[in-house]
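Colleague: Here you go, this is upload-v1.cif (mmCIF, C-alpha atoms).
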```cif
data_protein
#
loop_
_atom_site.label_atom_id
_atom_site.label_comp_id
_atom_site.auth_asym_id
_atom_site.auth_seq_id
_atom_site.Cartn_x
_atom_site.Cartn_y
_atom_site.Cartn_z
CA MET W 1 19.97 22.67 7.72
CA SER W 2 16.73 23.20 5.75
CA ASP W 3 14.50 26.24 6.36
CA ASP W 4 11.42 24.06 5.99
CA PRO W 5 10.21 23.22 9.54
CA ILE W 6 9.08 19.68 8.70
CA ARG W 7 12.28 18.82 6.88
CA ARG W 8 14.31 20.46 9.66
CA ALA W 9 12.55 18.29 12.26
CA GLN W 10 13.27 15.21 10.18
CA GLU W 11 16.94 16.18 9.92
CA LEU W 12 17.13 16.69 13.68
CA MET W 13 15.54 13.31 14.31
CA ARG W 14 18.01 11.69 11.92
CA ALA W 15 20.90 13.47 13.62
CA GLU W 16 19.94 11.80 16.90
CA LEU W 17 20.01 8.30 15.46
CA PRO W 18 22.96 6.14 16.55
CA LYS W 19 25.85 5.98 14.13
CA LYS W 20 26.50 2.73 12.36
CA PHE W 21 29.36 1.07 14.28
CA TYR W 22 29.83 -2.19 12.38
CA SER W 23 30.95 -3.31 8.95
CA GLU W 24 29.25 -6.64 8.47
CA ALA W 25 25.95 -8.14 9.56
CA SER W 26 25.82 -11.93 9.55
CA ILE W 27 23.84 -14.84 10.98
CA ALA W 28 25.04 -17.86 12.92
CA ALA W 29 23.34 -20.96 14.29
CA GLU W 30 22.77 -20.54 18.01
CA GLY W 31 20.83 -22.95 20.19
CA GLU W 32 17.66 -23.90 18.31
CA GLY W 33 17.68 -20.78 16.15
CA PHE W 34 19.79 -18.33 14.18
CA ALA W 35 21.34 -15.25 15.75
CA VAL W 36 22.03 -11.96 14.01
CA LYS W 37 25.61 -10.79 14.49
CA LEU W 38 27.31 -7.44 13.89
CA ASP W 39 31.02 -7.93 13.24
CA GLY W 40 30.63 -11.22 15.06
CA ARG W 41 28.97 -9.71 18.13
CA SER W 42 25.43 -10.62 19.16
CA VAL W 43 22.58 -8.14 18.67
CA LYS W 44 20.21 -7.47 21.56
CA THR W 45 16.55 -6.49 21.51
CA PRO W 46 15.43 -3.30 23.34
CA SER W 47 14.80 -5.49 26.42
CA ARG W 48 18.31 -6.96 26.11
CA HIS W 49 17.29 -10.39 24.84
CA PRO W 50 19.41 -12.01 22.10
CA LEU W 51 18.06 -11.35 18.61
CA ILE W 52 17.55 -14.98 17.60
CA LEU W 53 15.06 -16.15 14.99
CA PRO W 54 13.74 -19.67 14.46
CA THR W 55 14.84 -20.17 10.82
CA ALA W 56 17.79 -19.09 8.73
CA ALA W 57 15.43 -17.49 6.20
CA ALA W 58 13.80 -15.33 8.89
CA ALA W 59 17.19 -14.34 10.30
CA GLU W 60 18.39 -13.43 6.81
CA HIS W 61 15.63 -10.84 6.42
CA VAL W 62 16.71 -9.20 9.67
CA ARG W 63 20.39 -9.42 8.76
CA ALA W 64 19.70 -7.74 5.41
CA GLU W 65 18.04 -4.79 7.17
CA TRP W 66 21.06 -4.30 9.43
CA GLN W 67 23.42 -4.60 6.48
CA ALA W 68 21.42 -2.04 4.50
CA GLN W 69 21.94 0.68 7.13
CA GLU W 70 24.36 3.33 5.94
CA ASN W 71 25.72 6.09 8.19
CA VAL W 72 23.20 5.68 11.01
CA ILE W 73 20.96 2.92 12.36
CA ASP W 74 17.39 3.91 11.54
CA PRO W 75 14.75 1.58 13.08
CA ALA W 76 12.10 3.17 10.85
CA LYS W 77 13.78 1.42 7.92
CA MET W 78 13.91 -1.98 9.64
CA PRO W 79 10.31 -3.28 9.81
CA VAL W 80 11.16 -6.98 10.08
CA THR W 81 13.66 -6.25 12.85
CA ARG W 82 11.07 -4.19 14.71
CA LEU W 83 8.61 -7.07 14.49
CA ALA W 84 11.22 -9.60 15.63
CA ASN W 85 12.00 -7.41 18.64
CA THR W 86 8.30 -7.19 19.48
CA VAL W 87 7.93 -10.95 19.28
CA ILE W 88 10.95 -11.67 21.46
CA ASP W 89 10.27 -8.96 24.05
CA GLY W 90 6.48 -9.14 24.09
CA VAL W 91 4.62 -11.88 22.25
CA SER W 92 6.80 -14.70 23.58
CA LEU W 93 5.89 -13.65 27.13
CA ASN W 94 2.17 -13.14 26.42
CA SER W 95 1.39 -15.66 23.71
CA GLU W 96 -1.92 -16.79 25.20
CA ALA W 97 -3.26 -13.22 25.35
CA VAL W 98 -2.14 -12.56 21.76
CA PHE W 99 -3.80 -15.80 20.63
CA GLU W 100 -7.09 -14.85 22.29
CA GLU W 101 -7.01 -11.38 20.78
CA ILE W 102 -6.85 -12.88 17.31
CA ILE W 103 -9.76 -15.16 18.21
CA ALA W 104 -11.71 -12.07 19.29
CA TYR W 105 -11.13 -10.52 15.87
CA ALA W 106 -12.44 -13.69 14.26
CA GLY W 107 -15.68 -13.26 16.18
CA ASN W 108 -16.14 -9.73 14.85
CA ASP W 109 -14.29 -9.92 11.55
CA MET W 110 -14.38 -7.09 9.01
CA LEU W 111 -15.48 -9.52 6.30
CA PHE W 112 -18.80 -10.12 8.09
CA TYR W 113 -19.96 -6.50 7.97
CA ARG W 114 -21.35 -5.46 4.62
CA ALA W 115 -22.45 -2.12 3.23
CA GLU W 116 -26.17 -1.53 2.77
CA SER W 117 -25.47 0.81 -0.16
CA PRO W 118 -24.44 1.93 -2.73
CA GLN W 119 -25.10 -1.17 -4.80
CA GLU W 120 -21.70 -0.97 -6.51
CA LEU W 121 -19.92 -1.36 -3.15
CA VAL W 122 -22.34 -4.07 -2.01
CA GLU W 123 -21.58 -6.09 -5.12
CA ARG W 124 -17.83 -5.54 -4.87
CA GLN W 125 -17.76 -6.82 -1.28
CA LYS W 126 -19.71 -9.91 -2.28
CA LEU W 127 -17.50 -10.57 -5.31
CA GLU W 128 -14.17 -10.12 -3.52
CA TRP W 129 -14.84 -11.07 0.12
CA ASP W 130 -17.16 -14.04 -0.31
CA PRO W 131 -14.47 -16.33 -1.82
CA VAL W 132 -12.48 -16.08 1.43
CA LEU W 133 -15.56 -17.04 3.46
CA ASP W 134 -16.32 -19.86 1.01
CA TRP W 135 -12.79 -21.17 1.48
CA PHE W 136 -13.27 -21.27 5.27
CA ALA W 137 -16.58 -23.06 4.86
CA ASP W 138 -15.17 -25.66 2.45
CA GLU W 139 -11.79 -26.15 4.12
CA PHE W 140 -12.65 -25.90 7.81
CA GLY W 141 -16.43 -26.24 8.03
CA ALA W 142 -16.71 -22.72 9.45
CA ARG W 143 -19.70 -20.69 8.29
CA PHE W 144 -20.25 -17.14 9.46
CA VAL W 145 -23.18 -14.76 9.76
CA LEU W 146 -23.09 -11.71 7.49
CA VAL W 147 -24.57 -8.39 8.59
CA GLU W 148 -25.56 -5.25 6.71
CA GLY W 149 -24.37 -2.15 8.57
CA ILE W 150 -22.44 -2.04 11.83
CA ILE W 151 -24.78 -3.80 14.28
CA PHE W 152 -22.85 -6.55 16.07
CA ALA W 153 -23.86 -10.10 15.29
CA GLY W 154 -22.67 -13.10 17.28
CA GLN W 155 -21.07 -15.89 15.28
CA PRO W 156 -21.80 -19.63 15.58
CA ALA W 157 -19.76 -21.15 18.39
CA GLU W 158 -18.78 -24.08 16.18
CA SER W 159 -17.36 -21.71 13.56
CA ILE W 160 -15.25 -19.85 16.11
CA GLU W 161 -14.07 -23.19 17.45
CA ALA W 162 -13.08 -24.26 13.94
CA PHE W 163 -11.08 -21.06 13.55
CA ARG W 164 -9.47 -21.67 16.95
CA ARG W 165 -8.37 -25.14 15.88
CA GLU W 166 -6.75 -23.77 12.74
CA LEU W 167 -5.06 -20.90 14.57
CA SER W 168 -3.68 -23.45 17.04
CA ARG W 169 -1.37 -24.61 14.26
CA HIS W 170 0.40 -21.24 14.48
CA THR W 171 1.15 -20.78 18.18
CA GLU W 172 4.93 -20.43 17.82
CA PRO W 173 5.63 -16.82 18.98
CA PHE W 174 7.00 -15.53 15.67
CA ALA W 175 4.07 -16.97 13.70
CA LEU W 176 1.60 -15.66 16.26
CA GLY W 177 3.21 -12.21 16.24
CA ALA W 178 3.11 -12.01 12.45
CA LEU W 179 -0.53 -13.14 12.39
CA HIS W 180 -1.43 -10.57 15.03
CA VAL W 181 0.09 -7.74 13.00
CA MET W 182 -1.69 -8.84 9.82
CA THR W 183 -4.96 -9.20 11.73
CA THR W 184 -4.89 -5.80 13.42
CA ILE W 185 -3.80 -3.93 10.29
CA SER W 186 -6.35 -5.62 8.00
CA GLY W 187 -9.15 -5.81 10.57
CA SER W 188 -9.62 -9.44 9.60
CA ALA W 189 -8.33 -12.55 11.32
CA LEU W 190 -9.69 -14.57 8.40
CA LEU W 191 -7.61 -12.63 5.87
CA ALA W 192 -4.54 -13.03 8.10
CA LEU W 193 -4.97 -16.80 8.25
CA ALA W 194 -5.59 -16.97 4.50
CA LEU W 195 -2.32 -15.08 3.99
CA ALA W 196 -0.49 -17.40 6.38
CA ARG W 197 -1.76 -20.46 4.54
CA GLY W 198 -0.81 -19.03 1.15
CA ARG W 199 -4.45 -19.05 0.03
CA ILE W 200 -4.01 -15.43 -1.08
CA ASP W 201 -0.87 -13.40 -1.76
CA LEU W 202 0.10 -10.16 -0.05
CA ASP W 203 -1.18 -7.85 -2.77
CA THR W 204 -4.55 -9.59 -2.82
CA GLY W 205 -4.81 -9.55 0.96
CA TRP W 206 -3.95 -5.86 1.05
CA ALA W 207 -6.55 -5.07 -1.63
CA LEU W 208 -9.24 -7.03 0.23
CA ALA W 209 -8.38 -5.34 3.51
CA ASN W 210 -8.67 -1.93 1.86
CA LEU W 211 -11.65 -2.63 -0.37
CA GLU W 212 -13.89 0.04 1.14
CA GLU W 213 -11.10 2.62 1.32
CA ASN W 214 -10.16 1.92 -2.29
CA TRP W 215 -13.78 2.41 -3.33
CA THR W 216 -13.86 5.75 -1.48
CA ILE W 217 -10.63 6.88 -3.16
CA GLU W 218 -12.03 5.99 -6.58
CA HIS W 219 -15.02 8.24 -5.97
CA TRP W 220 -13.65 11.04 -3.77
CA GLY W 221 -9.92 11.14 -4.35
CA ARG W 222 -6.87 10.68 -2.15
CA ASP W 223 -5.91 12.32 1.12
CA GLU W 224 -2.18 12.95 1.59
CA GLU W 225 -2.10 12.22 5.32
CA ALA W 226 -4.19 9.09 4.88
CA GLU W 227 -1.80 7.95 2.15
CA ARG W 228 1.17 8.25 4.52
CA ARG W 229 -0.61 6.20 7.18
CA ARG W 230 -1.59 3.65 4.58
CA ALA W 231 1.99 3.33 3.32
CA LYS W 232 3.22 2.74 6.87
CA HIS W 233 0.54 0.10 7.46
CA PHE W 234 1.49 -1.67 4.25
CA GLU W 235 5.15 -1.69 5.26
CA ASP W 236 4.28 -3.33 8.58
CA MET W 237 1.89 -5.82 7.02
CA SER W 238 4.47 -6.69 4.36
CA ALA W 239 7.08 -7.26 7.08
CA ALA W 240 4.70 -9.56 8.95
CA HIS W 241 3.90 -11.50 5.78
CA THR W 242 7.60 -11.76 4.92
CA LEU W 243 8.42 -13.09 8.37
CA MET W 244 5.50 -15.51 8.33
CA ARG W 245 6.57 -17.00 5.01
CA ALA W 246 10.20 -17.22 6.13
CA LEU W 247 9.25 -19.38 9.11
CA SER W 248 8.48 -22.31 6.81
CA ASP W 249 11.63 -21.93 4.68
#
```
Mind converting the file's structure to structure tokens?
Modeller:
Amino acid sequence: MSDDPIRRAQELMRAELPKKFYSEASIAAEGEGFAVKLDGRSVKTPSRHPLILPTAAAAEHVRAEWQAQENVIDPAKMPVTRLANTVIDGVSLNSEAVFEEIIAYAGNDMLFYRAESPQELVERQKLEWDPVLDWFADEFGARFVLVEGIIFAGQPAESIEAFRRELSRHTEPFALGALHVMTTISGSALLALALARGRIDLDTGWALANLEENWTIEHWGRDEEAERRRAKHFEDMSAAHTLMRALSD
């Protein structure tokens, strides 16, 4: 075992992970969805619900994560599986609350709050964020109030209602769970919906969500701990985007 305390802790954590007990992960049609199987046996979520996804494409992403496990089963390396478990055990039982939380983000969206200075950042926000707002205005008739600084500004009721109508097209638990993850990580319900609709791709959405942080890094450099958190957030957002796209395949 390593003498380095951090590496030693990581080795101990890995030693406690359950050993891989199966040879083959597969999927099979079950009810109205597709179940993940390990050597033909059903997989259960942490709350003991069957791990069943609504499309074969979504189930395939989960199956691939189980198949990729080597000597132990490491949930940290299974982001789509973790999200599927969360949806089945949590979102599906509280879908209305999850829906309303996304609506709340839309009323206080990151894209509405603009820097007062420096001018370079002000212009970058306008150049990169405004096209998303323009898309909402053109596509859904939803116009929002922009604010300089951090003072809260209420949004037009008709714009929030327009967003609610569009979000109502994604109330299936897996779609709602994926949207919720993308919203909370990015700080923007509008970016999440743009990602869900394919208006922007994942890399663009991630760059827009991290515009201010990227600007700070350009001028002040990187922080190692912040980089680790950022990498974890990207992994989770990527998993949510992957699952969202797979729901329509």
Colleague: Can you translate the PyMOL selection byres ((chain W and resi 173) around 12) into the concrete residues it hits in this file, as a count of residues only?
Modeller: 34
Colleague: May I have the residues within 7 Å of segment 153-158 of chain W as an MDAnalysis selection string, using all atoms listed in the file and disregarding those fewer than 4 positions away in the same chain?
Modeller: chainID W and resid 107 144:145 147 162
Colleague: Using atom CA of Lys126 of chain W and atom CA of Ser188 of chain W as the two end points, give the distance in Å to one decimal.
Modeller: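 Result for atom CA of Lys126 of chain W versus atom CA of Ser188 of chain W: 15.6 Å, one decimal.
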Colleague: For the file shown, report as a PyMOL selection string the outcome of the PyMOL selection byres ((chain W and resi 236) around 10) at residue level.
Modeller: chain W and resi 78-80+82-83+178+181-182+185+230-235+237-242
Colleague: Take the residues from that selection and put them in a file with C-alpha atoms, as a CSV table (one decimal), in the coordinates of the input.
Modeller:
```
chain,number,residue,atom,x,y,z
W,78,MET,CA,13.9,-2.0,9.6
W,79,PRO,CA,10.3,-3.3,9.8
W,80,VAL,CA,11.2,-7.0,10.1
W,82,ARG,CA,11.1,-4.2,14.7
W,83,LEU,CA,8.6,-7.1,14.5
W,178,ALA,CA,3.1,-12.0,12.4
W,181,VAL,CA,0.1,-7.7,13.0
W,182,MET,CA,-1.7,-8.8,9.8
W,185,ILE,CA,-3.8,-3.9,10.3
W,230,ARG,CA,-1.6,3.6,4.6
W,231,ALA,CA,2.0,3.3,3.3
W,232,LYS,CA,3.2,2.7,6.9
W,233,HIS,CA,0.5,0.1,7.5
W,234,PHE,CA,1.5,-1.7,4.2
W,235,GLU,CA,5.2,-1.7,5.3
W,237,MET,CA,1.9,-5.8,7.0
W,238,SER,CA,4.5,-6.7,4.4
W,239,ALA,CA,7.1,-7.3,7.1
W,240,ALA,CA,4.7,-9.6,9.0
W,241,HIS,CA,3.9,-11.5,5.8
W,242,THR,CA,7.6,-11.8,4.9
```
Colleague: Given only C-alpha atoms as the basis, pick out the residue of W:Leu208, W:Leu38, W:Ile217, W:Val62 nearest to Ala194 of chain W.
Modeller: W:Leu208
Colleague: Might you pull out every residue within 8 Å of Arg114 of chain W, with all atoms listed in the file counted and same-chain residues fewer than 3 positions away left off, and present them as a list in words?
Modeller: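 Contacts, in chain order: Leu111, Val122, Gln125, Leu146, Val147, Glu148 and Gly149 of chain W.
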Colleague: Near segment 21-37 of chain W, within 9 Å and counting only C-alpha atoms, which residues show up once chain neighbours fewer than 4 positions away are dropped, as number ranges by chain?
Modeller: W: 41-44, 50-56, 58-60, 62-67, 71-73
Colleague: What's the separation between atom CA of Tyr105 of chain W and atom CA of Thr183 of chain W, in Å to one decimal place?
Modeller: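 Atom CA of Thr183 of chain W lies at a distance of 7.5 Å from atom CA of Tyr105 of chain W.
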Colleague: So how many Å separate atom CA of Ala76 of chain W and atom CA of Arg48 of chain W, to one decimal?
Modeller: 19.3 Å
Colleague: Between W:Leu121, W:Leu133, W:Leu195, W:Leu127, which has the minimum distance to Glu213 of chain W (counting all atoms listed in the file)?
Modeller: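 Selected residue with least distance to Glu213 of chain W: W:Leu121.
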Colleague: For Glu116 of chain W, which residue out of W:Ile150, W:Asp138, W:His61, W:Arg143 is the nearest one, using only C-alpha atoms?
Modeller: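 Smallest separation from Glu116 of chain W among the options: W:Ile150.
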Colleague: In terms of the shortest atom-to-atom distance over only C-alpha atoms, which of W:Gly187, W:Gly198, W:Pro118, W:Gly141 is closest to Ala106 of chain W?
Modeller: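 Distance minimum relative to Ala106 of chain W lands on W:Gly187.
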Colleague: Restore N, CA and C atoms in segment 197-225 of chain W and list the result as an mmCIF file, in the coordinates of the input.
Modeller:
```cif
data_model
loop_
_atom_site.group_PDB
_atom_site.id
_atom_site.type_symbol
_atom_site.label_atom_id
_atom_site.label_comp_id
_atom_site.auth_asym_id
_atom_site.auth_seq_id
_atom_site.Cartn_x
_atom_site.Cartn_y
_atom_site.Cartn_z
ATOM 1 N N ARG W 197 -1.652 -19.166 5.208
ATOM 2 C CA ARG W 197 -1.760 -20.460 4.540
ATOM 3 C C ARG W 197 -1.398 -20.386 3.060
ATOM 4 N N GLY W 198 -1.132 -19.175 2.554
ATOM 5 C CA GLY W 198 -0.810 -19.030 1.150
ATOM 6 C C GLY W 198 -2.027 -19.126 0.245
ATOM 7 N N ARG W 199 -3.225 -19.017 0.836
ATOM 8 C CA ARG W 199 -4.450 -19.050 0.030
ATOM 9 C C ARG W 199 -4.546 -17.800 -0.846
ATOM 10 N N ILE W 200 -4.078 -16.669 -0.326
ATOM 11 C CA ILE W 200 -4.010 -15.430 -1.080
ATOM 12 C C ILE W 200 -2.610 -14.855 -0.913
ATOM 13 N N ASP W 201 -2.175 -14.036 -1.888
ATOM 14 C CA ASP W 201 -0.870 -13.400 -1.760
ATOM 15 C C ASP W 201 -1.012 -12.043 -1.068
ATOM 16 N N LEU W 202 0.111 -11.405 -0.800
ATOM 17 C CA LEU W 202 0.100 -10.160 -0.050
ATOM 18 C C LEU W 202 -0.697 -9.069 -0.751
ATOM 19 N N ASP W 203 -0.480 -8.908 -2.047
ATOM 20 C CA ASP W 203 -1.180 -7.850 -2.770
ATOM 21 C C ASP W 203 -2.696 -8.055 -2.740
ATOM 22 N N THR W 204 -3.114 -9.301 -2.877
ATOM 23 C CA THR W 204 -4.550 -9.590 -2.820
ATOM 24 C C THR W 204 -5.094 -9.331 -1.426
ATOM 25 N N GLY W 205 -4.375 -9.788 -0.404
ATOM 26 C CA GLY W 205 -4.810 -9.550 0.960
ATOM 27 C C GLY W 205 -4.920 -8.077 1.291
ATOM 28 N N TRP W 206 -3.939 -7.297 0.806
ATOM 29 C CA TRP W 206 -3.950 -5.860 1.050
ATOM 30 C C TRP W 206 -5.144 -5.207 0.343
ATOM 31 N N ALA W 207 -5.415 -5.628 -0.882
ATOM 32 C CA ALA W 207 -6.550 -5.070 -1.630
ATOM 33 C C ALA W 207 -7.874 -5.417 -0.948
ATOM 34 N N LEU W 208 -8.011 -6.638 -0.463
ATOM 35 C CA LEU W 208 -9.240 -7.030 0.230
ATOM 36 C C LEU W 208 -9.413 -6.272 1.534
ATOM 37 N N ALA W 209 -8.317 -6.067 2.240
ATOM 38 C CA ALA W 209 -8.380 -5.340 3.510
ATOM 39 C C ALA W 209 -8.761 -3.880 3.305
ATOM 40 N N ASN W 210 -8.435 -3.343 2.146
ATOM 41 C CA ASN W 210 -8.670 -1.930 1.860
ATOM 42 C C ASN W 210 -9.769 -1.726 0.813
ATOM 43 N N LEU W 211 -10.628 -2.704 0.669
ATOM 44 C CA LEU W 211 -11.650 -2.630 -0.370
ATOM 45 C C LEU W 211 -12.511 -1.373 -0.237
ATOM 46 N N GLU W 212 -13.010 -1.119 0.954
ATOM 47 C CA GLU W 212 -13.890 0.040 1.140
ATOM 48 C C GLU W 212 -13.121 1.350 0.960
ATOM 49 N N GLU W 213 -11.899 1.411 1.475
ATOM 50 C CA GLU W 213 -11.100 2.620 1.320
ATOM 51 C C GLU W 213 -10.764 2.845 -0.154
ATOM 52 N N ASN W 214 -10.453 1.785 -0.861
ATOM 53 C CA ASN W 214 -10.160 1.920 -2.290
ATOM 54 C C ASN W 214 -11.382 2.446 -3.045
ATOM 55 N N TRP W 215 -12.551 1.946 -2.683
ATOM 56 C CA TRP W 215 -13.780 2.410 -3.330
ATOM 57 C C TRP W 215 -13.978 3.905 -3.072
ATOM 58 N N THR W 216 -13.719 4.335 -1.825
ATOM 59 C CA THR W 216 -13.860 5.750 -1.480
ATOM 60 C C THR W 216 -12.877 6.605 -2.280
ATOM 61 N N ILE W 217 -11.646 6.140 -2.406
ATOM 62 C CA ILE W 217 -10.630 6.880 -3.160
ATOM 63 C C ILE W 217 -11.052 7.019 -4.621
ATOM 64 N N GLU W 218 -11.592 5.945 -5.182
ATOM 65 C CA GLU W 218 -12.030 5.990 -6.580
ATOM 66 C C GLU W 218 -13.069 7.081 -6.810
ATOM 67 N N HIS W 219 -13.910 7.304 -5.791
ATOM 68 C CA HIS W 219 -15.020 8.240 -5.970
ATOM 69 C C HIS W 219 -14.749 9.631 -5.408
ATOM 70 N N TRP W 220 -13.845 9.743 -4.434
ATOM 71 C CA TRP W 220 -13.650 11.040 -3.770
ATOM 72 C C TRP W 220 -12.217 11.522 -3.780
ATOM 73 N N GLY W 221 -11.304 10.710 -4.282
ATOM 74 C CA GLY W 221 -9.920 11.140 -4.350
ATOM 75 C C GLY W 221 -9.101 10.757 -3.134
ATOM 76 N N ARG W 222 -7.821 11.067 -3.193
ATOM 77 C CA ARG W 222 -6.870 10.680 -2.150
ATOM 78 C C ARG W 222 -6.651 11.794 -1.139
ATOM 79 N N ASP W 223 -6.275 11.388 0.061
ATOM 80 C CA ASP W 223 -5.910 12.320 1.120
ATOM 81 C C ASP W 223 -4.438 12.067 1.464
ATOM 82 N N GLU W 224 -3.629 13.110 1.436
ATOM 83 C CA GLU W 224 -2.180 12.950 1.590
ATOM 84 C C GLU W 224 -1.809 12.313 2.924
ATOM 85 N N GLU W 225 -2.417 12.774 4.002
ATOM 86 C CA GLU W 225 -2.100 12.220 5.320
ATOM 87 C C GLU W 225 -2.538 10.766 5.413
#
```
